$ cat entry02.txt   # compact mmCIF, C-alpha atoms
# COMPACT_ATOMS: atom_id res chain seq x y z
CA MET A 131 49.29 79.75 118.03
CA VAL A 132 52.30 80.88 116.01
CA ARG A 133 55.41 78.89 116.79
CA PRO A 134 58.76 80.71 116.87
CA SER A 135 61.08 80.10 113.93
CA ARG A 136 63.70 77.45 114.52
CA VAL A 137 67.19 78.83 115.06
CA ASP A 138 70.53 77.08 115.06
CA ARG A 139 73.39 78.72 116.93
CA PHE A 140 76.91 77.74 115.97
CA GLU A 141 80.52 78.96 115.84
CA GLU A 142 82.69 78.86 112.72
CA GLU A 143 86.33 79.64 112.05
CA SER A 144 86.04 82.24 109.29
CA ILE A 145 87.82 84.71 107.03
CA VAL A 146 86.07 87.96 106.15
CA LEU A 147 85.81 88.12 102.35
CA SER A 148 83.90 91.38 102.00
CA THR A 149 81.44 93.70 103.74
CA VAL A 150 78.60 95.94 102.58
CA ASP A 151 77.09 98.70 104.70
CA TYR A 152 73.36 98.39 105.19
CA GLY A 153 71.16 101.20 106.48
CA GLU A 154 72.62 103.59 109.02
CA ALA A 155 74.23 101.14 111.42
CA ASP A 156 74.21 97.60 110.06
CA ARG A 157 76.52 95.60 107.83
CA ILE A 158 76.24 92.51 105.66
CA VAL A 159 79.37 90.40 105.97
CA THR A 160 80.43 87.69 103.51
CA LEU A 161 82.44 85.03 105.32
CA PHE A 162 84.48 82.11 104.08
CA THR A 163 83.91 79.56 106.82
CA LEU A 164 85.93 76.42 107.39
CA GLY A 165 82.98 74.08 107.85
CA ARG A 166 80.17 75.65 105.83
CA GLY A 167 81.93 77.42 102.99
CA ARG A 168 80.82 80.86 101.88
CA LEU A 169 77.92 82.51 103.61
CA SER A 170 76.58 86.02 104.18
CA ALA A 171 75.46 87.19 107.60
CA PHE A 172 73.62 90.25 108.87
CA ALA A 173 75.56 92.11 111.57
CA ALA A 174 73.06 94.38 113.29
CA GLY A 175 74.58 97.60 114.65
CA ALA A 176 78.06 96.58 113.44
CA ARG A 177 78.99 100.13 112.44
CA LYS A 178 78.11 101.57 115.84
CA SER A 179 78.98 98.84 118.33
CA LYS A 180 82.72 98.64 119.00
CA ARG A 181 82.13 96.18 121.81
CA ARG A 182 80.44 93.41 119.78
CA PHE A 183 82.76 93.48 116.75
CA PRO A 184 86.03 95.10 117.87
CA GLY A 185 88.06 95.34 114.64
CA ALA A 186 86.68 92.01 113.47
CA LEU A 187 84.85 92.92 110.27
CA GLU A 188 87.70 94.15 108.10
CA PRO A 189 88.33 92.11 104.93
CA ALA A 190 91.03 89.45 105.40
CA THR A 191 90.44 89.17 109.16
CA HIS A 192 90.64 85.63 110.54
CA LEU A 193 88.05 85.18 113.26
CA LYS A 194 85.76 82.92 115.23
CA ALA A 195 82.25 83.93 114.23
CA ARG A 196 79.25 83.21 116.43
CA LEU A 197 76.28 82.87 114.11
CA VAL A 198 72.59 82.13 114.18
CA GLU A 199 71.02 80.27 111.27
CA ARG A 200 67.36 80.96 110.83
CA ARG A 201 64.78 79.37 108.58
CA GLY A 202 65.37 80.14 104.92
CA ASP A 203 69.18 79.99 105.04
CA THR A 204 69.50 83.44 106.54
CA TYR A 205 72.26 84.11 109.06
CA ARG A 206 72.83 86.61 111.82
CA LEU A 207 76.30 87.41 113.11
CA ASP A 208 75.96 87.76 116.88
CA ALA A 209 79.62 88.22 117.80
CA ALA A 210 83.13 87.69 116.47
CA ASP A 211 86.48 87.09 118.15
CA VAL A 212 89.59 88.01 116.16
CA VAL A 213 92.07 85.16 115.76
CA THR A 214 94.49 87.03 113.48
CA SER A 215 93.97 90.55 112.19
CA PHE A 216 96.78 90.48 109.59
CA HIS A 217 97.19 94.21 110.22
CA HIS A 218 100.68 94.37 108.68
CA LEU A 219 99.39 93.58 105.19
CA ARG A 220 97.24 96.72 105.40
CA SER A 221 100.33 98.93 105.70
CA ASP A 222 101.33 98.56 102.05
CA LEU A 223 99.24 99.22 98.93
CA GLY A 224 100.73 96.32 97.03
CA ARG A 225 99.88 93.85 99.77
CA ILE A 226 96.41 95.35 100.18
CA ALA A 227 95.77 94.93 96.46
CA ARG A 228 96.97 91.31 96.45
CA SER A 229 94.91 90.42 99.51
CA LEU A 230 91.73 91.96 98.08
CA TYR A 231 92.29 90.08 94.83
CA ALA A 232 92.77 86.78 96.68
CA LEU A 233 89.61 87.38 98.72
CA GLU A 234 87.50 88.27 95.68
CA LEU A 235 88.81 85.27 93.75
CA CYS A 236 87.78 82.91 96.56
CA ARG A 237 84.42 84.62 96.95
CA GLU A 238 83.58 84.33 93.26
CA LEU A 239 84.87 80.79 92.69
CA THR A 240 83.04 79.22 95.64
CA ARG A 241 79.37 78.56 96.26
CA ASP A 242 77.25 79.27 99.29
CA HIS A 243 77.23 76.53 101.94
CA GLU A 244 79.80 74.38 100.11
CA ALA A 245 82.80 73.67 102.34
CA HIS A 246 86.30 73.95 100.85
CA PRO A 247 88.61 73.29 103.81
CA GLN A 248 91.75 72.99 101.68
CA LEU A 249 91.01 76.26 99.91
CA PHE A 250 90.22 77.91 103.24
CA ASN A 251 93.60 76.85 104.62
CA SER A 252 95.34 77.89 101.40
CA LEU A 253 93.84 81.39 101.65
CA LEU A 254 94.78 81.62 105.31
CA GLU A 255 98.37 80.62 104.53
CA TYR A 256 98.61 83.15 101.70
CA LEU A 257 97.31 85.98 103.90
CA ALA A 258 99.86 85.03 106.57
CA LEU A 259 102.68 85.18 104.02
CA LEU A 260 101.47 88.58 102.83
CA ASP A 261 101.31 89.81 106.40
CA ARG A 262 104.95 88.78 106.93
CA ALA A 263 105.97 90.36 103.59
CA GLN A 264 107.02 86.92 102.34
CA ALA A 265 104.70 86.68 99.32
CA GLY A 266 105.86 88.41 96.15
CA PRO A 267 104.07 88.83 92.80
CA THR A 268 104.74 85.26 91.64
CA SER A 269 103.19 83.93 94.86
CA LEU A 270 99.89 85.53 93.86
CA ILE A 271 99.97 83.71 90.52
CA ALA A 272 100.72 80.44 92.33
CA PHE A 273 97.79 81.11 94.66
CA GLU A 274 95.53 81.77 91.66
CA LEU A 275 96.48 78.49 90.01
CA ASP A 276 95.93 76.59 93.24
CA THR A 277 92.56 78.28 93.84
CA LEU A 278 91.36 77.60 90.30
CA ALA A 279 92.32 73.94 90.62
CA ARG A 280 90.60 73.51 94.00
CA ALA A 281 87.46 75.19 92.67
CA GLY A 282 87.33 72.86 89.65
CA PHE A 283 88.60 75.30 86.99
CA ARG A 284 92.17 74.10 86.45
CA PRO A 285 93.66 75.53 83.21
CA GLN A 286 96.10 73.30 81.31
CA PHE A 287 99.35 74.74 79.99
CA ALA A 288 101.14 71.58 78.95
CA PRO A 289 100.87 69.48 76.90
CA CYS A 290 98.74 70.77 74.03
CA LEU A 291 95.07 70.20 74.83
CA HIS A 292 94.37 68.96 71.31
CA CYS A 293 97.26 66.73 70.20
CA HIS A 294 98.86 66.21 73.63
CA ARG A 295 102.31 67.13 72.36
CA GLU A 296 104.57 69.96 73.51
CA THR A 297 102.98 73.39 73.16
CA GLY A 298 106.17 74.76 71.58
CA PRO A 299 107.32 78.36 71.10
CA ARG A 300 104.14 79.78 69.47
CA PRO A 301 101.13 78.41 71.35
CA VAL A 302 97.69 79.93 71.59
CA PHE A 303 95.42 80.05 74.62
CA ASP A 304 91.73 79.21 74.48
CA PRO A 305 89.83 79.70 77.76
CA ASP A 306 86.77 77.97 76.32
CA VAL A 307 88.58 74.64 75.87
CA GLY A 308 90.60 75.18 79.02
CA GLY A 309 94.15 76.09 78.17
CA ALA A 310 97.06 76.08 75.75
CA ILE A 311 97.15 74.75 72.19
CA CYS A 312 100.34 74.21 70.20
CA GLY A 313 101.11 76.24 67.08
CA ASN A 314 100.40 73.29 64.77
CA CYS A 315 96.87 72.85 66.14
CA ALA A 316 96.18 76.57 66.51
CA PRO A 317 94.34 76.98 63.15
CA GLN A 318 91.60 74.68 64.47
CA PHE A 319 90.89 77.13 67.32
CA PRO A 320 90.05 80.45 65.63
CA TYR A 321 88.95 82.18 68.84
CA ALA A 322 92.14 81.42 70.77
CA VAL A 323 94.55 84.25 71.55
CA PRO A 324 98.31 84.17 70.84
CA ALA A 325 100.52 83.38 73.84
CA GLU A 326 104.25 83.39 74.40
CA GLY A 327 105.81 79.97 74.71
CA ARG A 328 107.96 81.03 77.65
CA VAL A 329 104.89 82.33 79.53
CA VAL A 330 102.95 79.10 78.97
CA ASP A 331 106.01 77.07 80.00
CA ALA A 332 106.53 79.15 83.16
CA LEU A 333 102.87 78.73 84.17
CA SER A 334 103.10 74.99 83.61
CA ARG A 335 106.18 74.73 85.83
CA LEU A 336 104.59 76.90 88.52
CA GLN A 337 101.47 74.76 88.41
CA GLU A 338 103.59 71.67 88.97
CA GLY A 339 105.19 73.11 92.09
CA GLU A 340 108.26 75.03 90.93
CA ARG A 341 108.57 78.32 92.82
CA THR A 342 111.19 80.30 90.89
CA PRO A 343 110.07 83.98 90.78
CA PHE A 344 108.98 85.18 87.34
CA GLU A 345 110.64 88.14 85.67
CA ALA A 346 108.38 91.13 85.03
CA ALA A 347 107.57 90.29 81.39
CA ILE A 348 106.62 86.71 82.29
CA ARG A 349 104.42 87.92 85.17
CA SER A 350 102.64 90.36 82.88
CA GLY A 351 101.95 87.68 80.27
CA ALA A 352 100.81 85.21 82.92
CA ARG A 353 98.45 87.78 84.45
CA ASP A 354 96.91 88.46 81.02
CA LEU A 355 96.21 84.76 80.40
CA LEU A 356 94.79 84.14 83.86
CA ASN A 357 92.63 87.26 83.73
CA LEU A 358 91.26 86.07 80.39
CA PHE A 359 90.60 82.57 81.74
CA ILE A 360 88.88 83.77 84.92
CA GLU A 361 86.81 86.41 83.12
CA HIS A 362 85.64 83.82 80.61
CA HIS A 363 84.48 81.35 83.27
CA LEU A 364 82.91 83.92 85.59
CA GLY A 365 81.38 85.96 82.80
CA ARG A 366 82.91 89.18 84.11
CA ARG A 367 86.17 90.78 85.14
CA LEU A 368 87.07 90.75 88.82
CA LYS A 369 86.83 94.27 90.26
CA SER A 370 90.09 93.94 92.17
CA VAL A 371 92.04 93.49 88.90
CA ASP A 372 91.66 97.22 88.27
CA PHE A 373 93.02 98.01 91.73
CA LEU A 374 96.03 95.74 91.10
CA ASN A 375 96.68 97.68 87.90
CA GLN A 376 96.23 101.07 89.58
CA VAL A 377 98.84 100.36 92.23
CA GLY A 378 101.20 98.78 89.72
CA VAL A 379 101.00 95.19 90.92
CA ASP A 380 101.43 92.68 88.09

$ encode --input "entry02.txt" --output "structure tokens"
Amino acid sequence: MVRPSRVDRFEEESIVLSTVDYGEADRIVTLFTLGRGRLSAFAAGARKSKRRFPGALEPATHLKARLVERRGDTYRLDAADVVTSFHHLRSDLGRIARSLYALELCRELTRDHEAHPQLFNSLLEYLALLDRAQAGPTSLIAFELDTLARAGFRPQFAPCLHCHRETGPRPVFDPDVGGAICGNCAPQFPYAVPAEGRVVDALSRLQEGERTPFEAAIRSGARDLLNLFIEHHLGRRLKSVDFLNQVGVD
């Protein structure tokens, strides 16, 4: 006699990170859940049934997901109730680009089934600020720094990683060692890239909690360093970076 596979039904507060269409009617949904971290679930008939998933499977949607865990760590999404749709952030290309970047960053820096409640709440807060048009370009950089730190990839901008003195006006940045190196120590790090002292200083102050908006040149330099750092540790460039560039978001 063949026994039925064990199933575990549960509900999780979740944020939709991404979706992929599957077949003619189904969808695979990647969720960032409060209690179980990142997981992917199969939503049968999601593209045809408006009753089961009414507007719930758009990226950045905050929802209560009703899931079934089956043997082998596979999940089925049975239903979803929208908590917050964040529909205002989808009315502006800049906010769309920032939200997609934040979602991809969280998806790529977290592991399956590893809860990150503080990061979950941080993402939820950032999406809410975007929805209310209260999160500018510097807020995205602050969110990046916070996300990297919570995921265990905190870059260091001050002091110098090698001699522990001030990084000074002509530092270099080495993603392999984890951050900024002062000009005096720079010759010992041949693969580091030049960085502007004012950019490194601004990132250090932002990382420590200062929230003064960056001017455009500082934002551009900060984005370059963080893109380099993230690409180095992930082994690839985030796809949403290109969309940020296309819509002119620095």

$ closest_residue --input "entry02.txt" --among "A:Ile158, A:Val150, A:Ala171, A:Ala281" --to "Ile360 (chain A)" --atoms "all atoms listed in the file"
A:Ala281

$ atom_distance --input "entry02.txt" --atom1 "CA of Phe172 (chain A)" --atom2 "CA of Asp151 (chain A)"
10.0 Å

$ residues_around --input "entry02.txt" --residues "Ala258 (chain A)" --least-positions-apart "4" --cutoff "10 Å" --atoms "all atoms listed in the file" --output "MDAnalysis selection string"
chainID A and resid 190 214:216 218:219 252:254 262:265

$ closest_residue --input "entry02.txt" --among "A:Val307, A:Leu197, A:Ala232, A:Val377" --to "Phe140 (chain A)" --atoms "all atoms listed in the file"
A:Leu197

$ closest_residue --input "entry02.txt" --among "A:His294, A:Arg366, A:Arg200, A:Arg168" --to "Leu249 (chain A)" --atoms "only C-alpha atoms"
A:Arg168

$ atom_distance --input "entry02.txt" --atom1 "CA of Asp138 (chain A)" --atom2 "CA of Arg166 (chain A)"
13.4 Å

$ residues_around --input "entry02.txt" --residues "Leu161 (chain A)" --least-positions-apart "6" --cutoff "8 Å" --atoms "only C-alpha atoms" --output "NGL selection string"
:A and (144-148 or 167-171)

$ closest_residue --input "entry02.txt" --among "A:Arg280, A:Lys194, A:His363, A:Arg228" --to "Ala245 (chain A)" --atoms "only C-alpha atoms"
A:Arg280

$ closest_residue --input "entry02.txt" --among "A:Thr191, A:Leu235, A:Leu278, A:Thr268" --to "Glu340 (chain A)" --atoms "all atoms listed in the file"
A:Thr268

$ closest_residue --input "entry02.txt" --among "A:Glu154, A:Glu238, A:Glu244, A:Glu143" --to "Lys369 (chain A)" --atoms "all atoms listed in the file"
A:Glu238

$ atom_distance --input "entry02.txt" --atom1 "CA of Phe250 (chain A)" --atom2 "CA of Ala310 (chain A)"
28.4 Å

$ residues_around --input "entry02.txt" --residues "Ser229 (chain A)" --least-positions-apart "2" --cutoff "9 Å" --atoms "all atoms listed in the file" --output "ChimeraX atom specification"
/A:189-190,219-220,224-227,231-234,256-257,260,270

$ write_last_selection --input "entry02.txt" --atoms "C-alpha atoms" --output "mmCIF file, in the frame of the given file"
data_model
loop_
_atom_site.group_PDB
_atom_site.id
_atom_site.type_symbol
_atom_site.label_atom_id
_atom_site.label_comp_id
_atom_site.auth_asym_id
_atom_site.auth_seq_id
_atom_site.Cartn_x
_atom_site.Cartn_y
_atom_site.Cartn_z
ATOM 1 C CA PRO A 189 88.330 92.110 104.930
ATOM 2 C CA ALA A 190 91.030 89.450 105.400
ATOM 3 C CA LEU A 219 99.390 93.580 105.190
ATOM 4 C CA ARG A 220 97.240 96.720 105.400
ATOM 5 C CA GLY A 224 100.730 96.320 97.030
ATOM 6 C CA ARG A 225 99.880 93.850 99.770
ATOM 7 C CA ILE A 226 96.410 95.350 100.180
ATOM 8 C CA ALA A 227 95.770 94.930 96.460
ATOM 9 C CA TYR A 231 92.290 90.080 94.830
ATOM 10 C CA ALA A 232 92.770 86.780 96.680
ATOM 11 C CA LEU A 233 89.610 87.380 98.720
ATOM 12 C CA GLU A 234 87.500 88.270 95.680
ATOM 13 C CA TYR A 256 98.610 83.150 101.700
ATOM 14 C CA LEU A 257 97.310 85.980 103.900
ATOM 15 C CA LEU A 260 101.470 88.580 102.830
ATOM 16 C CA LEU A 270 99.890 85.530 93.860
#

$ residues_around --input "entry02.txt" --residues "Pro324 (chain A)" --least-positions-apart "2" --cutoff "12 Å" --atoms "only C-alpha atoms" --output "ChimeraX atom specification"
/A:297,299-305,309-313,316-317,319-322,326-327,329-330,351,354-355

$ axis_aligned_box --input "entry02.txt" --around "region 240-255 of chain A" --padding-each-side "6 Å" --output "lines of an AutoDock Vina configuration file"
center_x = 87.8
center_y = 77.3
center_z = 100.5
size_x = 33.1
size_y = 20.6
size_z = 21.7
